>>> print(open('my_file.pdb').read())   # PDB, C-alpha atoms
MODEL        1
ATOM      1  CA  MET Y   1       0.000   0.000   0.000
ATOM      2  CA  SER Y   2       1.320   3.465  -0.885
ATOM      3  CA  HIS Y   3       0.681   6.635   1.092
ATOM      4  CA  TRP Y   4      -1.565   7.783  -1.756
ATOM      5  CA  ASP Y   5      -3.984   4.963  -0.917
ATOM      6  CA  THR Y   6      -4.848   6.425   2.492
ATOM      7  CA  ILE Y   7      -5.538  10.023   1.435
ATOM      8  CA  SER Y   8      -9.106  11.314   1.481
ATOM      9  CA  ARG Y   9     -11.010  14.585   1.670
ATOM     10  CA  ALA Y  10     -11.268  14.078   5.415
ATOM     11  CA  HIS Y  11      -7.581  15.061   5.664
ATOM     12  CA  LEU Y  12      -8.285  18.502   4.227
ATOM     13  CA  LYS Y  13     -10.861  19.698   6.733
ATOM     14  CA  GLU Y  14     -11.037  19.917  10.482
ATOM     15  CA  ALA Y  15     -12.348  16.889  12.389
ATOM     16  CA  PRO Y  16     -13.042  18.303  15.861
ATOM     17  CA  ALA Y  17     -14.686  15.186  17.321
ATOM     18  CA  ARG Y  18     -12.212  12.966  19.174
ATOM     19  CA  GLU Y  19     -13.529   9.728  17.689
ATOM     20  CA  ALA Y  20     -13.317  10.989  14.107
ATOM     21  CA  ALA Y  21      -9.857  12.467  14.695
ATOM     22  CA  ALA Y  22      -8.585   9.208  16.201
ATOM     23  CA  ALA Y  23      -9.969   7.198  13.274
ATOM     24  CA  LEU Y  24      -8.309   9.520  10.754
ATOM     25  CA  PHE Y  25      -4.985   9.309  12.566
ATOM     26  CA  LYS Y  26      -5.137   5.523  12.833
ATOM     27  CA  SER Y  27      -5.967   5.102   9.153
ATOM     28  CA  THR Y  28      -3.042   7.190   7.932
ATOM     29  CA  VAL Y  29      -0.155   7.896  10.309
ATOM     30  CA  THR Y  30       2.765   5.486  10.120
ATOM     31  CA  MET Y  31       5.422   7.551  11.910
ATOM     32  CA  VAL Y  32       5.427   9.784  14.985
ATOM     33  CA  GLU Y  33       8.649  11.692  15.638
ATOM     34  CA  ILE Y  34       9.239  12.987  19.172
ATOM     35  CA  GLU Y  35      12.022  15.204  20.512
ATOM     36  CA  VAL Y  36      12.388  14.427  24.218
ATOM     37  CA  PHE Y  37      14.964  17.172  24.835
ATOM     38  CA  SER Y  38      16.628  19.987  22.917
ATOM     39  CA  TYR Y  39      20.394  19.487  23.123
ATOM     40  CA  CYS Y  40      22.635  18.686  20.175
ATOM     41  CA  ASN Y  41      26.422  18.629  20.471
ATOM     42  CA  ARG Y  42      27.221  19.301  16.817
ATOM     43  CA  LEU Y  43      27.294  22.164  14.314
ATOM     44  CA  CYS Y  44      26.510  20.582  10.957
ATOM     45  CA  TRP Y  45      26.512  22.844   7.910
ATOM     46  CA  PHE Y  46      23.383  21.198   6.470
ATOM     47  CA  CYS Y  47      21.249  21.754   9.596
ATOM     48  CA  PRO Y  48      19.601  24.813  11.190
ATOM     49  CA  ASN Y  49      21.582  23.894  14.331
ATOM     50  CA  LYS Y  50      24.684  25.317  12.639
ATOM     51  CA  ASP Y  51      24.048  28.564  14.537
ATOM     52  CA  GLY Y  52      24.863  26.860  17.852
ATOM     53  CA  SER Y  53      21.433  27.495  19.359
ATOM     54  CA  ARG Y  54      21.007  23.856  20.418
ATOM     55  CA  ILE Y  55      24.356  23.599  22.231
ATOM     56  CA  GLY Y  56      23.259  25.636  25.244
ATOM     57  CA  LYS Y  57      21.094  24.587  28.162
ATOM     58  CA  ASN Y  58      19.256  21.336  27.617
ATOM     59  CA  ARG Y  59      15.481  21.745  27.724
ATOM     60  CA  PHE Y  60      13.457  18.610  28.390
ATOM     61  CA  MET Y  61       9.981  17.645  27.284
ATOM     62  CA  ASP Y  62       7.555  17.655  30.197
ATOM     63  CA  PRO Y  63       7.090  13.993  31.259
ATOM     64  CA  ASP Y  64       3.333  14.563  31.475
ATOM     65  CA  LEU Y  65       3.351  15.874  27.919
ATOM     66  CA  TYR Y  66       5.250  12.798  26.798
ATOM     67  CA  ASP Y  67       2.612  10.599  28.417
ATOM     68  CA  SER Y  68      -0.061  12.678  26.653
ATOM     69  CA  LEU Y  69       1.532  11.618  23.360
ATOM     70  CA  ILE Y  70       2.073   7.954  24.163
ATOM     71  CA  ASP Y  71      -1.236   7.202  25.902
ATOM     72  CA  PRO Y  72      -3.464   8.093  22.902
ATOM     73  CA  LEU Y  73      -1.289   5.906  20.693
ATOM     74  CA  ALA Y  74      -1.860   3.048  23.112
ATOM     75  CA  SER Y  75      -5.615   3.668  22.920
ATOM     76  CA  ILE Y  76      -5.571   2.868  19.170
ATOM     77  CA  ASP Y  77      -3.068  -0.013  19.489
ATOM     78  CA  TYR Y  78      -0.529   1.932  17.445
ATOM     79  CA  SER Y  79       1.902  -0.520  15.832
ATOM     80  CA  ASN Y  80       3.893   1.686  13.469
ATOM     81  CA  VAL Y  81       7.071   3.717  14.026
ATOM     82  CA  ILE Y  82       7.962   6.124  16.815
ATOM     83  CA  THR Y  83      11.195   7.951  16.026
ATOM     84  CA  TYR Y  84      13.265   9.724  18.667
ATOM     85  CA  SER Y  85      14.994  12.422  16.653
ATOM     86  CA  ARG Y  86      14.172  15.924  15.412
ATOM     87  CA  TYR Y  87      16.952  18.505  15.975
ATOM     88  CA  ASN Y  88      18.541  17.050  19.082
ATOM     89  CA  GLU Y  89      21.109  14.305  19.584
ATOM     90  CA  PRO Y  90      18.792  11.750  21.214
ATOM     91  CA  LEU Y  91      21.567   9.760  22.912
ATOM     92  CA  ALA Y  92      23.194  12.805  24.552
ATOM     93  CA  ASP Y  93      21.106  12.328  27.713
ATOM     94  CA  ARG Y  94      20.144   8.918  29.045
ATOM     95  CA  VAL Y  95      16.677  10.126  29.902
ATOM     96  CA  ILE Y  96      15.989   8.525  26.514
ATOM     97  CA  LEU Y  97      16.153   5.118  28.195
ATOM     98  CA  GLY Y  98      13.196   5.857  30.443
ATOM     99  CA  ARG Y  99      11.217   7.336  27.567
ATOM    100  CA  LEU Y 100      11.834   4.249  25.457
ATOM    101  CA  ALA Y 101      10.905   1.903  28.294
ATOM    102  CA  GLY Y 102       7.684   3.790  28.949
ATOM    103  CA  ALA Y 103       6.682   3.623  25.306
ATOM    104  CA  ARG Y 104       7.587  -0.054  25.047
ATOM    105  CA  THR Y 105       5.402  -0.932  28.030
ATOM    106  CA  LYS Y 106       2.371   0.868  26.597
ATOM    107  CA  LEU Y 107       3.010   0.112  22.917
ATOM    108  CA  PRO Y 108       4.310  -3.452  22.690
ATOM    109  CA  ALA Y 109       3.797  -3.677  18.925
ATOM    110  CA  ALA Y 110       5.285  -0.299  17.928
ATOM    111  CA  ARG Y 111       8.722  -0.044  16.277
ATOM    112  CA  LEU Y 112      10.861   2.292  18.369
ATOM    113  CA  HIS Y 113      13.593   3.953  16.325
ATOM    114  CA  ALA Y 114      16.255   6.646  16.746
ATOM    115  CA  ASN Y 115      18.816   8.522  14.662
ATOM    116  CA  THR Y 116      22.177   9.398  16.189
ATOM    117  CA  ASN Y 117      25.513  10.931  15.290
ATOM    118  CA  GLY Y 118      27.180   8.143  17.267
ATOM    119  CA  ASP Y 119      29.268  10.408  19.488
ATOM    120  CA  TYR Y 120      27.766   9.089  22.739
ATOM    121  CA  LEU Y 121      27.298   5.502  21.632
ATOM    122  CA  ASN Y 122      29.237   2.494  22.839
ATOM    123  CA  ARG Y 123      28.585  -1.225  23.198
ATOM    124  CA  ASP Y 124      27.225  -0.929  26.751
ATOM    125  CA  TYR Y 125      24.856   1.881  25.749
ATOM    126  CA  LEU Y 126      23.595  -0.251  22.875
ATOM    127  CA  ALA Y 127      22.731  -3.001  25.352
ATOM    128  CA  LEU Y 128      20.828  -0.519  27.525
ATOM    129  CA  LEU Y 129      18.922   0.793  24.504
ATOM    130  CA  ARG Y 130      17.981  -2.757  23.562
ATOM    131  CA  ALA Y 131      16.796  -3.499  27.083
ATOM    132  CA  ALA Y 132      14.691  -0.314  27.044
ATOM    133  CA  GLY Y 133      12.918  -1.464  23.898
ATOM    134  CA  LEU Y 134      14.682   0.184  20.948
ATOM    135  CA  ASN Y 135      14.142  -1.771  17.722
ATOM    136  CA  SER Y 136      16.303   0.097  15.227
ATOM    137  CA  LEU Y 137      19.010   2.746  15.146
ATOM    138  CA  ASN Y 138      20.512   4.774  12.323
ATOM    139  CA  ILE Y 139      24.067   5.899  13.083
ATOM    140  CA  GLN Y 140      24.931   8.755  10.778
ATOM    141  CA  ILE Y 141      28.524   9.306   9.722
ATOM    142  CA  TYR Y 142      29.417  12.952  10.272
ATOM    143  CA  LEU Y 143      32.835  14.541  10.001
ATOM    144  CA  LYS Y 144      33.993  17.540  12.048
ATOM    145  CA  ASN Y 145      31.724  20.551  12.503
ATOM    146  CA  PHE Y 146      30.972  22.274   9.187
ATOM    147  CA  GLU Y 147      32.957  19.697   7.164
ATOM    148  CA  LYS Y 148      31.363  18.384   3.983
ATOM    149  CA  PHE Y 149      31.260  14.884   2.529
ATOM    150  CA  ASP Y 150      34.661  13.417   1.762
ATOM    151  CA  ASP Y 151      35.053   9.791   0.658
ATOM    152  CA  GLN Y 152      38.165   8.992   2.675
ATOM    153  CA  GLY Y 153      36.967  10.997   5.645
ATOM    154  CA  MET Y 154      33.707   9.045   5.666
ATOM    155  CA  ARG Y 155      35.551   5.721   5.498
ATOM    156  CA  ASP Y 156      37.865   6.731   8.311
ATOM    157  CA  ARG Y 157      34.990   7.917  10.522
ATOM    158  CA  ALA Y 158      32.999   4.760   9.776
ATOM    159  CA  GLY Y 159      36.014   2.685  10.795
ATOM    160  CA  GLN Y 160      36.267   4.603  14.086
ATOM    161  CA  ILE Y 161      32.617   3.951  14.926
ATOM    162  CA  ILE Y 162      32.781   0.287  13.951
ATOM    163  CA  GLY Y 163      35.941  -0.133  16.015
ATOM    164  CA  LYS Y 164      34.424   1.587  19.040
ATOM    165  CA  LEU Y 165      31.339  -0.636  18.932
ATOM    166  CA  GLY Y 166      33.310  -3.794  18.174
ATOM    167  CA  LEU Y 167      30.594  -5.187  15.920
ATOM    168  CA  PRO Y 168      30.744  -7.079  12.625
ATOM    169  CA  ALA Y 169      30.012  -4.705   9.735
ATOM    170  CA  THR Y 170      28.943  -5.373   6.162
ATOM    171  CA  LEU Y 171      29.351  -2.731   3.455
ATOM    172  CA  THR Y 172      25.966  -2.492   1.680
ATOM    173  CA  ARG Y 173      26.263   0.690  -0.395
ATOM    174  CA  ASP Y 174      29.309   2.486  -1.743
ATOM    175  CA  GLU Y 175      28.691   5.347  -4.171
ATOM    176  CA  PRO Y 176      31.798   7.568  -4.247
ATOM    177  CA  GLY Y 177      30.989  11.210  -3.664
ATOM    178  CA  LYS Y 178      27.400  10.379  -2.721
ATOM    179  CA  TRP Y 179      26.736   7.652  -0.140
ATOM    180  CA  LEU Y 180      28.497   5.154   2.122
ATOM    181  CA  GLU Y 181      26.536   2.594   4.168
ATOM    182  CA  TYR Y 182      27.095  -0.432   6.383
ATOM    183  CA  VAL Y 183      24.878  -2.824   8.320
ATOM    184  CA  LEU Y 184      26.144  -3.719  11.782
ATOM    185  CA  ASP Y 185      25.368  -7.010  13.495
ATOM    186  CA  PHE Y 186      23.935  -6.580  17.001
ATOM    187  CA  ASP Y 187      21.263  -8.975  18.166
ATOM    188  CA  GLY Y 188      17.986  -7.234  18.982
ATOM    189  CA  ILE Y 189      18.549  -3.876  17.241
ATOM    190  CA  ALA Y 190      18.687  -3.278  13.485
ATOM    191  CA  LEU Y 191      21.722  -1.014  12.972
ATOM    192  CA  ARG Y 192      22.497   1.110   9.912
ATOM    193  CA  LEU Y 193      25.684   3.158   9.690
ATOM    194  CA  TYR Y 194      25.708   5.608   6.809
ATOM    195  CA  GLY Y 195      26.988   8.891   5.483
ATOM    196  CA  ARG Y 196      25.427  10.940   2.704
ATOM    197  CA  ASN Y 197      26.466  13.921   0.622
ATOM    198  CA  PHE Y 198      23.933  16.569   1.603
ATOM    199  CA  ASP Y 199      24.967  18.780  -1.302
ATOM    200  CA  LEU Y 200      23.484  16.116  -3.583
ATOM    201  CA  ASN Y 201      20.631  14.675  -1.534
ATOM    202  CA  GLY Y 202      19.907  17.248   1.146
ATOM    203  CA  THR Y 203      17.397  20.086   1.191
ATOM    204  CA  SER Y 204      17.299  23.700   2.325
ATOM    205  CA  ARG Y 205      15.455  22.939   5.596
ATOM    206  CA  GLY Y 206      12.943  25.688   4.984
ATOM    207  CA  ASP Y 207      15.532  28.058   3.472
ATOM    208  CA  THR Y 208      17.795  27.925   6.550
ATOM    209  CA  VAL Y 209      20.790  26.195   4.923
ATOM    210  CA  ASN Y 210      22.494  26.736   1.593
ATOM    211  CA  ILE Y 211      21.300  23.695  -0.325
ATOM    212  CA  ALA Y 212      19.434  24.159  -3.623
ATOM    213  CA  LEU Y 213      17.923  27.464  -2.519
ATOM    214  CA  ASP Y 214      17.005  28.227  -6.126
ATOM    215  CA  TYR Y 215      14.981  25.003  -6.443
ATOM    216  CA  ARG Y 216      11.234  25.534  -6.784
ATOM    217  CA  ARG Y 217       9.041  22.683  -5.634
ATOM    218  CA  THR Y 218       5.969  21.691  -7.610
ATOM    219  CA  SER Y 219       5.712  18.120  -6.329
ATOM    220  CA  PRO Y 220       2.991  17.352  -3.783
ATOM    221  CA  CYS Y 221       4.183  16.611  -0.259
ATOM    222  CA  LEU Y 222       2.528  13.816   1.700
ATOM    223  CA  MET Y 223       4.597  14.207   4.863
ATOM    224  CA  PRO Y 224       1.819  15.998   6.834
ATOM    225  CA  PHE Y 225      -0.525  13.123   6.011
ATOM    226  CA  TRP Y 226       1.450  10.080   7.178
ATOM    227  CA  SER Y 227       3.868  11.541   9.709
ATOM    228  CA  VAL Y 228       3.647  13.663  12.871
ATOM    229  CA  TYR Y 229       6.406  15.774  14.433
ATOM    230  CA  ILE Y 230       6.447  17.075  18.017
ATOM    231  CA  ASP Y 231       9.293  19.167  19.401
ATOM    232  CA  PHE Y 232      10.539  19.202  23.005
ATOM    233  CA  ASP Y 233       8.242  22.101  23.966
ATOM    234  CA  GLY Y 234       5.111  20.492  22.496
ATOM    235  CA  SER Y 235       5.219  22.355  19.187
ATOM    236  CA  MET Y 236       3.761  20.282  16.383
ATOM    237  CA  VAL Y 237       5.042  20.986  12.866
ATOM    238  CA  PRO Y 238       4.073  19.549   9.469
ATOM    239  CA  CYS Y 239       7.500  18.272   8.416
ATOM    240  CA  ARG Y 240      10.839  17.026   9.690
ATOM    241  CA  ASN Y 241      12.596  19.865   7.887
ATOM    242  CA  VAL Y 242      10.951  22.485  10.118
ATOM    243  CA  ARG Y 243      12.472  23.546  13.456
ATOM    244  CA  SER Y 244       9.811  25.251  15.524
ATOM    245  CA  ASP Y 245      12.112  27.259  17.800
ATOM    246  CA  ILE Y 246      13.682  29.462  15.126
ATOM    247  CA  PRO Y 247      12.036  32.666  13.850
ATOM    248  CA  GLU Y 248      12.133  31.556  10.207
ATOM    249  CA  HIS Y 249       9.809  28.641  10.967
ATOM    250  CA  ALA Y 250       7.518  30.110  13.615
ATOM    251  CA  GLN Y 251       4.624  30.311  11.152
ATOM    252  CA  ALA Y 252       4.872  26.555  10.550
ATOM    253  CA  VAL Y 253       3.820  25.568  14.079
ATOM    254  CA  VAL Y 254       0.378  23.995  13.674
ATOM    255  CA  ALA Y 255      -0.286  23.307  17.379
ATOM    256  CA  LYS Y 256       1.319  23.830  20.771
ATOM    257  CA  LEU Y 257       0.540  20.739  22.798
ATOM    258  CA  ALA Y 258       0.396  20.782  26.592
ATOM    259  CA  PRO Y 259      -0.178  17.892  29.008
ATOM    260  CA  GLY Y 260      -3.702  16.620  28.541
ATOM    261  CA  ASP Y 261      -4.140  17.948  25.008
ATOM    262  CA  ASN Y 262      -5.368  15.475  22.423
ATOM    263  CA  LEU Y 263      -2.786  14.380  19.853
ATOM    264  CA  PHE Y 264      -5.415  13.142  17.418
ATOM    265  CA  GLN Y 265      -7.360  16.402  17.413
ATOM    266  CA  ALA Y 266      -4.150  18.332  16.760
ATOM    267  CA  TYR Y 267      -3.452  16.069  13.775
ATOM    268  CA  ALA Y 268      -7.016  16.499  12.509
ATOM    269  CA  GLY Y 269      -7.151  20.199  13.358
ATOM    270  CA  ARG Y 270      -7.751  23.111  11.042
ATOM    271  CA  ALA Y 271      -4.114  24.269  10.871
ATOM    272  CA  LEU Y 272      -2.614  20.967   9.729
ATOM    273  CA  ALA Y 273      -5.564  20.308   7.400
ATOM    274  CA  SER Y 274      -4.769  23.630   5.715
ATOM    275  CA  TRP Y 275      -1.132  22.609   5.210
ATOM    276  CA  ARG Y 276      -2.223  19.310   3.685
ATOM    277  CA  ARG Y 277      -4.572  21.065   1.273
ATOM    278  CA  ASP Y 278      -1.889  23.533   0.183
ATOM    279  CA  LEU Y 279       0.685  20.796  -0.371
ATOM    280  CA  LEU Y 280      -1.596  18.417  -2.263
ATOM    281  CA  SER Y 281      -1.043  19.926  -5.706
ATOM    282  CA  PHE Y 282       1.426  20.076  -8.571
ATOM    283  CA  LYS Y 283       1.722  23.848  -8.295
ATOM    284  CA  GLU Y 284       4.681  25.819  -6.951
ATOM    285  CA  LYS Y 285       4.873  25.747  -3.167
ATOM    286  CA  SER Y 286       5.407  28.778  -0.949
ATOM    287  CA  GLY Y 287       6.794  29.684   2.469
ATOM    288  CA  VAL Y 288       9.112  27.167   4.143
ATOM    289  CA  CYS Y 289       8.225  24.605   1.461
ATOM    290  CA  LYS Y 290       9.135  26.568  -1.662
ATOM    291  CA  SER Y 291      12.706  25.252  -2.095
ATOM    292  CA  CYS Y 292      12.228  21.850  -0.458
ATOM    293  CA  ARG Y 293      13.284  18.833  -2.479
ATOM    294  CA  PHE Y 294      12.691  16.287   0.273
ATOM    295  CA  ALA Y 295      10.258  13.375  -0.270
ATOM    296  CA  LEU Y 296       9.355  14.399  -3.803
ATOM    297  CA  GLU Y 297       6.407  12.553  -5.317
ATOM    298  CA  ALA Y 298       6.545  11.264  -8.868
ATOM    299  CA  ASP Y 299       4.135  12.909 -11.295
ATOM    300  CA  THR Y 300       2.122   9.781 -12.078
ATOM    301  CA  GLU Y 301      -1.412   9.113 -13.266
ATOM    302  CA  GLU Y 302      -2.245   7.669  -9.831
ATOM    303  CA  ALA Y 303      -1.001  10.804  -8.073
ATOM    304  CA  ARG Y 304      -2.854  13.128 -10.429
ATOM    305  CA  LEU Y 305      -6.071  11.150  -9.967
ATOM    306  CA  VAL Y 306      -5.871  11.259  -6.162
ATOM    307  CA  VAL Y 307      -5.148  15.013  -6.174
ATOM    308  CA  SER Y 308      -8.036  15.657  -8.538
ATOM    309  CA  LYS Y 309     -10.532  13.537  -6.569
ATOM    310  CA  THR Y 310      -9.430  14.865  -3.166
ATOM    311  CA  VAL Y 311      -8.990  18.573  -3.805
ATOM    312  CA  GLY Y 312     -11.314  19.042  -6.749
TER     313      GLY Y 312
ENDMDL
END
>>> encode(input="my_file.pdb", output="structure tokens")
Amino acid sequence: MSHWDTISRAHLKEAPAREAAAALFKSTVTMVEIEVFSYCNRLCWFCPNKDGSRIGKNRFMDPDLYDSLIDPLASIDYSNVITYSRYNEPLADRVILGRLAGARTKLPAARLHANTNGDYLNRDYLALLRAAGLNSLNIQIYLKNFEKFDDQGMRDRAGQIIGKLGLPATLTRDEPGKWLEYVLDFDGIALRLYGRNFDLNGTSRGDTVNIALDYRRTSPCLMPFWSVYIDFDGSMVPCRNVRSDIPEHAQAVVAKLAPGDNLFQAYAGRALASWRRDLLSFKEKSGVCKSCRFALEADTEEARLVVSKTVG
């Protein structure tokens, strides 16, 4: 089943009733991304964090707010992906272990996932993550702050990480100047180790980094249909390429969740429905989406038919 198969007119209008909102969420959402704290230790040139604003004091998601996200998912027997990422380094603080364990207890069938730069990771930490319930982990190969993709640098950094973890590694993708990827063998967690050339396959992150700023998107974007993003302070945004706590993206916050607020009603609310309507077309996009080349949809007969039937 493709994401196009789940799209309906119900996604483009507000569904204020809890039952209807929950049904819409359950029928469509396959990934929920949660940022349990703010801190990131790196300054990557391809990320809005390059300004150093995430290196300061660590700000944590309210535990009651976290429960307000997990409990509704349990009420619908959510069995898809929960990703612990956003614009932090999720392994920088071991509070992540308690958050994972809490989600695993309430959501036994969900796939718990995280993305990491690997700086805090070692073999013992991997074992703790496994015990807490983590199912999969992407370890991204980054060089020094502000450094760009370099084939030998990527190989050297990959070798450092593999050596530190002491795990068998299999090279699965080697495209010079573009991509380097390994699979690591660790029982209980699916591990990918990869580095990518963001000049070639990155995006402008809502015009905050210098990647393809002259690109003009006409492709529809289905991200606000099948995925949900909640930042450490409860801000919900329509896409992973938006960072709610910077002025350039303030207008992209579709809800500010507090403990007790309903996740499903935020997803089915007027603000996010408006984003979905605006993005479900083959016309030029505007605002933070205008230069985005992330998750482009092919211009197919199926896509055109769904857009016409849903928006028309």
>>> residues_around(input="my_file.pdb", residues="stretch 97-99 of chain Y", least_positions_apart="3", cutoff="9 Å", atoms="only C-alpha atoms", output="list in words")
Val36, Pro63, Tyr66, Leu91, Asp93, Arg94, Gly102, Ala103, Arg104, Leu128, Leu129, Ala131, Ala132, Gly133 and Leu134 of chain Y
>>> write_last_selection(input="my_file.pdb", atoms="C-alpha atoms", output="mmCIF file, in the frame of the given file")
data_model
loop_
_atom_site.group_PDB
_atom_site.id
_atom_site.type_symbol
_atom_site.label_atom_id
_atom_site.label_comp_id
_atom_site.auth_asym_id
_atom_site.auth_seq_id
_atom_site.Cartn_x
_atom_site.Cartn_y
_atom_site.Cartn_z
ATOM 1 C CA VAL Y 36 12.388 14.427 24.218
ATOM 2 C CA PRO Y 63 7.090 13.993 31.259
ATOM 3 C CA TYR Y 66 5.250 12.798 26.798
ATOM 4 C CA LEU Y 91 21.567 9.760 22.912
ATOM 5 C CA ASP Y 93 21.106 12.328 27.713
ATOM 6 C CA ARG Y 94 20.144 8.918 29.045
ATOM 7 C CA GLY Y 102 7.684 3.790 28.949
ATOM 8 C CA ALA Y 103 6.682 3.623 25.306
ATOM 9 C CA ARG Y 104 7.587 -0.054 25.047
ATOM 10 C CA LEU Y 128 20.828 -0.519 27.525
ATOM 11 C CA LEU Y 129 18.922 0.793 24.504
ATOM 12 C CA ALA Y 131 16.796 -3.499 27.083
ATOM 13 C CA ALA Y 132 14.691 -0.314 27.044
ATOM 14 C CA GLY Y 133 12.918 -1.464 23.898
ATOM 15 C CA LEU Y 134 14.682 0.184 20.948
#
>>> resolve_selection(input="my_file.pdb", expression="the PyMOL selection byres ((chain Y and resi 53) around 10)", output="list in words")
Ser38, Tyr39, Cys40, Leu43, Pro48, Asn49, Lys50, Asp51, Gly52, Arg54, Ile55, Gly56, Lys57, Asp245 and Ile246 of chain Y
>>> resolve_selection(input="my_file.pdb", expression="the PyMOL selection byres ((chain Y and resi 164) around 12)", output="compact mmCIF listing (two decimals) with C-alpha atoms, in the coordinates of the input")
# COMPACT_ATOMS: atom_id res chain seq x y z
CA GLY Y 118 27.18 8.14 17.27
CA ASP Y 119 29.27 10.41 19.49
CA TYR Y 120 27.77 9.09 22.74
CA LEU Y 121 27.30 5.50 21.63
CA ASN Y 122 29.24 2.49 22.84
CA ARG Y 123 28.58 -1.23 23.20
CA ASP Y 124 27.22 -0.93 26.75
CA TYR Y 125 24.86 1.88 25.75
CA LEU Y 126 23.60 -0.25 22.88
CA ARG Y 157 34.99 7.92 10.52
CA ALA Y 158 33.00 4.76 9.78
CA GLY Y 159 36.01 2.68 10.80
CA GLN Y 160 36.27 4.60 14.09
CA ILE Y 161 32.62 3.95 14.93
CA ILE Y 162 32.78 0.29 13.95
CA GLY Y 163 35.94 -0.13 16.02
CA LEU Y 165 31.34 -0.64 18.93
CA GLY Y 166 33.31 -3.79 18.17
CA LEU Y 167 30.59 -5.19 15.92
CA PRO Y 168 30.74 -7.08 12.62
>>> resolve_selection(input="my_file.pdb", expression="the PyMOL selection byres ((chain Y and resi 179) around 8)", output="MDAnalysis selection string")
chainID Y and resid 173:178 180:181 194:197
>>> residues_near_point(input="my_file.pdb", point="(-3.4, 17.0, 23.4)", cutoff="12 Å", atoms="only C-alpha atoms", output="MDAnalysis selection string")
chainID Y and resid 18 21:22 64:73 230 234:236 255:269
>>> atom_distance(input="my_file.pdb", atom1="atom CA of Y:Gly206", atom2="atom CA of Y:Tyr142")
21.5 Å
>>> atom_distance(input="my_file.pdb", atom1="atom CA of Y:Thr83", atom2="atom CA of Y:Asp151")
28.4 Å
>>> closest_residue(input="my_file.pdb", among="Y:Glu301, Y:Glu284, Y:Asp62, Y:Asp77", to="Y:Tyr215", atoms="only C-alpha atoms")
Y:Glu284
>>> closest_residue(input="my_file.pdb", among="Y:Val311, Y:Cys289, Y:Ile141, Y:Arg216", to="Y:Gly153", atoms="all atoms listed in the file")
Y:Ile141
>>> axis_aligned_box(input="my_file.pdb", around="stretch 275-293 of chain Y", padding_each_side="8 Å", output="AutoDock Vina command-line options")
--center_x 4.4 --center_y 24.1 --center_z -1.7 --size_x 33.9 --size_y 27.3 --size_z 29.8
>>> closest_residue(input="my_file.pdb", among="Y:Ala252, Y:Val306, Y:Val95, Y:Val32", to="Y:Val288", atoms="only C-alpha atoms")
Y:Ala252
>>> closest_residue(input="my_file.pdb", among="Y:Lys148, Y:Lys26, Y:Arg59, Y:Arg277", to="Y:Phe232", atoms="only C-alpha atoms")
Y:Arg59
>>> atom_distance(input="my_file.pdb", atom1="atom CA of Y:Thr28", atom2="atom CA of Y:Phe225")
6.7 Å
>>> closest_residue(input="my_file.pdb", among="Y:Lys106, Y:Arg192, Y:Arg217, Y:Arg42", to="Y:Arg293", atoms="all atoms listed in the file")
Y:Arg217
>>> residues_around(input="my_file.pdb", residues="Y:Asp299", least_positions_apart="3", cutoff="8 Å", atoms="only C-alpha atoms", output="NGL selection string")
:Y and (219 or 303-304)
>>> decode(input="my_file.pdb", residues="stretch 234-244 of chain Y", atoms="N, CA and C atoms", output="PDB file, in the first residue's frame")
ATOM      1  N   GLY Y 234       6.487  20.800  22.873  1.00  0.00           N
ATOM      2  CA  GLY Y 234       5.111  20.492  22.496  1.00  0.00           C
ATOM      3  C   GLY Y 234       4.687  21.073  21.165  1.00  0.00           C
ATOM      4  N   SER Y 235       5.577  21.798  20.496  1.00  0.00           N
ATOM      5  CA  SER Y 235       5.219  22.355  19.187  1.00  0.00           C
ATOM      6  C   SER Y 235       5.086  21.233  18.161  1.00  0.00           C
ATOM      7  N   MET Y 236       3.962  21.225  17.464  1.00  0.00           N
ATOM      8  CA  MET Y 236       3.761  20.282  16.383  1.00  0.00           C
ATOM      9  C   MET Y 236       3.977  21.009  15.060  1.00  0.00           C
ATOM     10  N   VAL Y 237       4.746  20.391  14.169  1.00  0.00           N
ATOM     11  CA  VAL Y 237       5.042  20.986  12.866  1.00  0.00           C
ATOM     12  C   VAL Y 237       4.710  19.981  11.772  1.00  0.00           C
ATOM     13  N   PRO Y 238       4.536  20.448  10.529  1.00  0.00           N
ATOM     14  CA  PRO Y 238       4.073  19.549   9.469  1.00  0.00           C
ATOM     15  C   PRO Y 238       5.155  18.699   8.831  1.00  0.00           C
ATOM     16  N   CYS Y 239       6.436  18.947   9.168  1.00  0.00           N
ATOM     17  CA  CYS Y 239       7.500  18.272   8.416  1.00  0.00           C
ATOM     18  C   CYS Y 239       8.760  18.179   9.248  1.00  0.00           C
ATOM     19  N   ARG Y 240       9.581  17.197   8.971  1.00  0.00           N
ATOM     20  CA  ARG Y 240      10.839  17.026   9.690  1.00  0.00           C
ATOM     21  C   ARG Y 240      11.850  18.115   9.372  1.00  0.00           C
ATOM     22  N   ASN Y 241      11.653  18.826   8.281  1.00  0.00           N
ATOM     23  CA  ASN Y 241      12.596  19.865   7.887  1.00  0.00           C
ATOM     24  C   ASN Y 241      12.290  21.220   8.507  1.00  0.00           C
ATOM     25  N   VAL Y 242      11.325  21.253   9.410  1.00  0.00           N
ATOM     26  CA  VAL Y 242      10.951  22.485  10.118  1.00  0.00           C
ATOM     27  C   VAL Y 242      11.428  22.388  11.561  1.00  0.00           C
ATOM     28  N   ARG Y 243      12.044  23.479  12.052  1.00  0.00           N
ATOM     29  CA  ARG Y 243      12.472  23.546  13.456  1.00  0.00           C
ATOM     30  C   ARG Y 243      11.695  24.659  14.122  1.00  0.00           C
ATOM     31  N   SER Y 244      10.811  24.306  15.017  1.00  0.00           N
ATOM     32  CA  SER Y 244       9.811  25.251  15.524  1.00  0.00           C
ATOM     33  C   SER Y 244      10.393  26.409  16.311  1.00  0.00           C
TER      34      SER Y 244
END
